[in-house]
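Asks: This structure is in structure tokens; I'll ask about it shortly.
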Amino acid sequence: LGFVAALVGLAFLIAQGLTKKLVEGLGSRIERVGGKAVRQVALASIAGVVTGLGIYLFPLAYSSGRSAMPLTIKHRANLSTETLVGTAVVKCLTFWVGMHCGLVGGLFFPLMYIGLVTGEVSSRAFGLDPVVCIPLMVGAVPASFVTAPVTMLALPVGMFVMGPLNAIPIFVATVTSNTLLVGTGLLGKMMARR
């Protein structure tokens, strides 16, 4: 699952790059026509429309993800895999569109929520226990590129009130995902190509 977490983290970062290019291009065109103030208002409005549409289509994509975590965990058995995948994709896109259009917010909770959703999807896809997969992915997805492995281990262990033995799979997955994306130099090479 550390490999899956690294892929999810990589997809999150690719979405960041694509939305940044798109928003910068759109913003420069708007600014040429209407000026800086028009660009700021237009981009914030576009972010609002994209976020609103995303939440309309996938209601669990609302907020930073923090308030959606308990709901998703509670009702995960009733959510289809398609709904979960759609929610993760929409959360990723609405987060990056909002960030690049001038809305404010942090990276941790959206990334942890995407980890939670992909943990449930991984549990279903690989036939593994969600009690293991969900906390594991909550830690391993952010750990794929956030170089604070102890923090990424401590967050799910604290959130889900887990003992030391249950922390071992999370530790292995966080180290694996971080090693694959950061430790191999892949992320550095990708950033150098920008």
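So you can find residues: chains in the structure tokens are A, B, ... in the order shown, residues in each start at 1, and ligands are numbered from 1 in order.
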Can you list, as a short mmCIF file (atom, residue, chain, number, x, y, z; two decimals) with N, CA and C atoms, in the first residue's frame, every protein, DNA or RNA residue that comes within 12 Å of Gly183 in chain A when you count only C-alpha atoms, leaving out same-chain residues fewer than 3 positions away?

Replies:
```cif
data_model
loop_
_atom_site.label_atom_id
_atom_site.label_comp_id
_atom_site.auth_asym_id
_atom_site.auth_seq_id
_atom_site.Cartn_x
_atom_site.Cartn_y
_atom_site.Cartn_z
N ALA A 6 2.13 6.31 -2.76
CA ALA A 6 3.05 7.13 -3.56
C ALA A 6 2.39 7.53 -4.88
N ALA A 143 2.58 11.40 3.52
CA ALA A 143 4.01 11.12 3.69
C ALA A 143 4.72 10.92 2.36
N SER A 144 3.97 10.69 1.29
CA SER A 144 4.61 10.45 0.00
C SER A 144 5.45 11.65 -0.45
N PHE A 145 5.08 12.87 -0.04
CA PHE A 145 5.91 14.02 -0.41
C PHE A 145 6.11 15.03 0.72
N VAL A 146 5.43 14.87 1.83
CA VAL A 146 5.67 15.73 2.99
C VAL A 146 6.74 15.03 3.84
N THR A 147 7.89 15.64 3.91
CA THR A 147 9.01 14.95 4.56
C THR A 147 8.99 15.16 6.07
N THR A 174 4.41 4.63 5.34
CA THR A 174 4.86 6.03 5.23
C THR A 174 6.30 6.10 4.74
N VAL A 175 7.13 5.23 5.25
CA VAL A 175 8.53 5.20 4.80
C VAL A 175 8.60 4.77 3.33
N THR A 176 7.82 3.77 2.96
CA THR A 176 7.82 3.30 1.57
C THR A 176 7.35 4.39 0.61
N SER A 177 6.22 5.03 0.91
CA SER A 177 5.69 6.05 -0.01
C SER A 177 6.65 7.23 -0.11
N ASN A 178 7.24 7.64 1.01
CA ASN A 178 8.18 8.75 0.97
C ASN A 178 9.45 8.38 0.22
N THR A 179 9.93 7.17 0.43
CA THR A 179 11.13 6.71 -0.26
C THR A 179 10.90 6.65 -1.77
N LEU A 180 9.73 6.18 -2.18
CA LEU A 180 9.45 6.06 -3.62
C LEU A 180 9.37 7.40 -4.31
N LEU A 186 12.77 11.17 -7.50
CA LEU A 186 11.75 11.38 -8.54
C LEU A 186 11.09 12.75 -8.41
N LEU A 187 10.70 13.10 -7.22
CA LEU A 187 10.05 14.38 -7.01
C LEU A 187 10.99 15.54 -7.32
N GLY A 188 12.23 15.44 -6.92
CA GLY A 188 13.23 16.48 -7.22
C GLY A 188 13.44 16.63 -8.71
N LYS A 189 13.49 15.52 -9.43
CA LYS A 189 13.66 15.59 -10.90
C LYS A 189 12.45 16.22 -11.56
#
```

Asks: Excluding Val97 in chain A and residues on its chain fewer than 4 positions from it, collect all residues at most 8 Å away from it, counting only C-alpha atoms, and give them as a list in words.

Replies: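 The residues satisfying every condition are Thr19, Lys20, Val23, Ala47, Val50, Leu93 and Cys101 of chain A.
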
Asks: Next, write the just-selected residues to a file, as an mmCIF file, in the first residue's frame, keeping N, CA and C atoms as the atom set.

Replies:
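Below you can see selection.cif, which holds the result:
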```cif
data_model
loop_
_atom_site.group_PDB
_atom_site.id
_atom_site.type_symbol
_atom_site.label_atom_id
_atom_site.label_comp_id
_atom_site.auth_asym_id
_atom_site.auth_seq_id
_atom_site.Cartn_x
_atom_site.Cartn_y
_atom_site.Cartn_z
ATOM 1 N N THR A 19 -3.383 22.216 -12.807
ATOM 2 C CA THR A 19 -4.295 23.308 -12.462
ATOM 3 C C THR A 19 -3.548 24.635 -12.383
ATOM 4 N N LYS A 20 -2.310 24.619 -11.935
ATOM 5 C CA LYS A 20 -1.523 25.858 -11.874
ATOM 6 C C LYS A 20 -1.321 26.433 -13.269
ATOM 7 N N VAL A 23 -4.756 27.781 -14.556
ATOM 8 C CA VAL A 23 -5.177 29.006 -13.876
ATOM 9 C C VAL A 23 -4.259 30.173 -14.228
ATOM 10 N N ALA A 47 -13.082 29.777 -8.923
ATOM 11 C CA ALA A 47 -12.820 28.796 -7.854
ATOM 12 C C ALA A 47 -14.104 28.453 -7.119
ATOM 13 N N VAL A 50 -16.216 26.170 -9.451
ATOM 14 C CA VAL A 50 -15.643 24.820 -9.529
ATOM 15 C C VAL A 50 -15.874 24.072 -8.214
ATOM 16 N N LEU A 93 -9.058 18.185 -7.177
ATOM 17 C CA LEU A 93 -9.202 19.274 -8.149
ATOM 18 C C LEU A 93 -9.732 20.555 -7.512
ATOM 19 N N CYS A 101 -6.469 29.851 -7.526
ATOM 20 C CA CYS A 101 -7.346 30.987 -7.845
ATOM 21 C C CYS A 101 -7.396 32.004 -6.708
#
```

Asks: Leaving out Ala173 in chain A and any residue of its chain fewer than 5 positions from it, which residues lie within 7 Å of it when counting only C-alpha atoms, given as a list of chain:residue names?

Replies: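 So, after excluding close chain neighbours, the residues are A:Leu1, A:Gly2, A:Leu136, A:Ala140.
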
Asks: Would you save the residues of that selection, restricted to N, CA and C atoms, as an mmCIF file, in the first residue's frame?

Replies:
```cif
data_model
loop_
_atom_site.group_PDB
_atom_site.id
_atom_site.type_symbol
_atom_site.label_atom_id
_atom_site.label_comp_id
_atom_site.auth_asym_id
_atom_site.auth_seq_id
_atom_site.Cartn_x
_atom_site.Cartn_y
_atom_site.Cartn_z
ATOM 1 N N LEU A 1 0.811 -1.203 0.000
ATOM 2 C CA LEU A 1 0.000 0.000 0.000
ATOM 3 C C LEU A 1 0.850 1.261 0.000
ATOM 4 N N GLY A 2 2.089 1.151 0.424
ATOM 5 C CA GLY A 2 2.991 2.304 0.338
ATOM 6 C C GLY A 2 3.185 2.740 -1.099
ATOM 7 N N LEU A 136 -3.600 3.537 7.555
ATOM 8 C CA LEU A 136 -2.350 3.414 6.831
ATOM 9 C C LEU A 136 -2.262 4.449 5.715
ATOM 10 N N ALA A 140 0.204 7.483 4.941
ATOM 11 C CA ALA A 140 1.143 7.245 3.839
ATOM 12 C C ALA A 140 0.939 8.171 2.651
#
```

Asks: Please indicate the distance in Å from CA of Pro169 in chain A to CA of Leu7 in chain A, rounded to one decimal place.

Replies: 17.7 Å

Asks: If you count only C-alpha atoms, which residues fall within 8 Å of range 41-43 of chain A, apart from same-chain ones fewer than 2 positions away, as a PDB file with N, CA and C atoms, in the first residue's frame?

Replies:
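Everything below was put into selection-v8.pdb:
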```pdb
ATOM      1  N   VAL A  23      -4.756  27.781 -14.556  1.00  0.00           N
ATOM      2  CA  VAL A  23      -5.177  29.006 -13.876  1.00  0.00           C
ATOM      3  C   VAL A  23      -4.259  30.173 -14.228  1.00  0.00           C
ATOM      4  N   GLY A  27      -5.653  33.355 -15.936  1.00  0.00           N
ATOM      5  CA  GLY A  27      -5.472  34.598 -15.184  1.00  0.00           C
ATOM      6  C   GLY A  27      -4.745  35.664 -15.984  1.00  0.00           C
ATOM      7  N   ILE A  30      -7.169  37.112 -18.563  1.00  0.00           N
ATOM      8  CA  ILE A  30      -8.156  37.982 -17.917  1.00  0.00           C
ATOM      9  C   ILE A  30      -7.508  39.299 -17.511  1.00  0.00           C
ATOM     10  N   ALA A  37      -7.426  43.721 -10.764  1.00  0.00           N
ATOM     11  CA  ALA A  37      -8.605  43.564  -9.905  1.00  0.00           C
ATOM     12  C   ALA A  37      -9.629  42.624 -10.537  1.00  0.00           C
ATOM     13  N   VAL A  38      -9.826  42.756 -11.835  1.00  0.00           N
ATOM     14  CA  VAL A  38     -10.773  41.887 -12.542  1.00  0.00           C
ATOM     15  C   VAL A  38     -10.284  40.444 -12.503  1.00  0.00           C
ATOM     16  N   ARG A  39      -8.963  40.256 -12.667  1.00  0.00           N
ATOM     17  CA  ARG A  39      -8.392  38.910 -12.606  1.00  0.00           C
ATOM     18  C   ARG A  39      -8.651  38.281 -11.238  1.00  0.00           C
ATOM     19  N   SER A  45     -14.053  33.849  -8.349  1.00  0.00           N
ATOM     20  CA  SER A  45     -15.395  33.411  -8.755  1.00  0.00           C
ATOM     21  C   SER A  45     -15.342  32.050  -9.430  1.00  0.00           C
ATOM     22  N   ILE A  46     -14.346  31.854 -10.279  1.00  0.00           N
ATOM     23  CA  ILE A  46     -14.177  30.562 -10.953  1.00  0.00           C
ATOM     24  C   ILE A  46     -13.923  29.470  -9.916  1.00  0.00           C
ATOM     25  N   ALA A  47     -13.082  29.777  -8.923  1.00  0.00           N
ATOM     26  CA  ALA A  47     -12.820  28.796  -7.854  1.00  0.00           C
ATOM     27  C   ALA A  47     -14.104  28.453  -7.119  1.00  0.00           C
ATOM     28  N   CYS A 101      -6.469  29.851  -7.526  1.00  0.00           N
ATOM     29  CA  CYS A 101      -7.346  30.987  -7.845  1.00  0.00           C
ATOM     30  C   CYS A 101      -7.396  32.004  -6.708  1.00  0.00           C
ATOM     31  N   GLY A 102      -6.677  31.777  -5.636  1.00  0.00           N
ATOM     32  CA  GLY A 102      -6.578  32.765  -4.577  1.00  0.00           C
ATOM     33  C   GLY A 102      -7.347  32.453  -3.313  1.00  0.00           C
TER      34      GLY A 102
END
```

Asks: Enumerate, in order of chain and increasing residue number, the residues of range 1-98 of chain A with an atom no farther than 12 Å from range 157-165 of chain A, each with its shortest atom pair and distance in Å to one decimal, counting only C-alpha atoms, as CSV.

Replies:
```
residue,atom,partner,partner_atom,distance
A:Arg66,CA,A:Met159,CA,11.2
A:Met69,CA,A:Met159,CA,10.5
A:Pro70,CA,A:Met159,CA,10.6
A:Ile73,CA,A:Phe160,CA,10.9
```

Asks: Select, from A:Ile14, A:Leu155, A:Val132, A:Ile55, the residue with the minimum atom-to-atom distance to Met112 in chain A, counting only C-alpha atoms.

Replies: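 Between A:Ile14, A:Leu155, A:Val132, A:Ile55, the residue approaching Met112 in chain A most closely is A:Leu155.
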
Asks: Tell me which of A:Lys36, A:Pro149, A:Val4, A:Ser64 sits closest to Gly105 in chain A, counting only C-alpha atoms.

Replies: A:Ser64
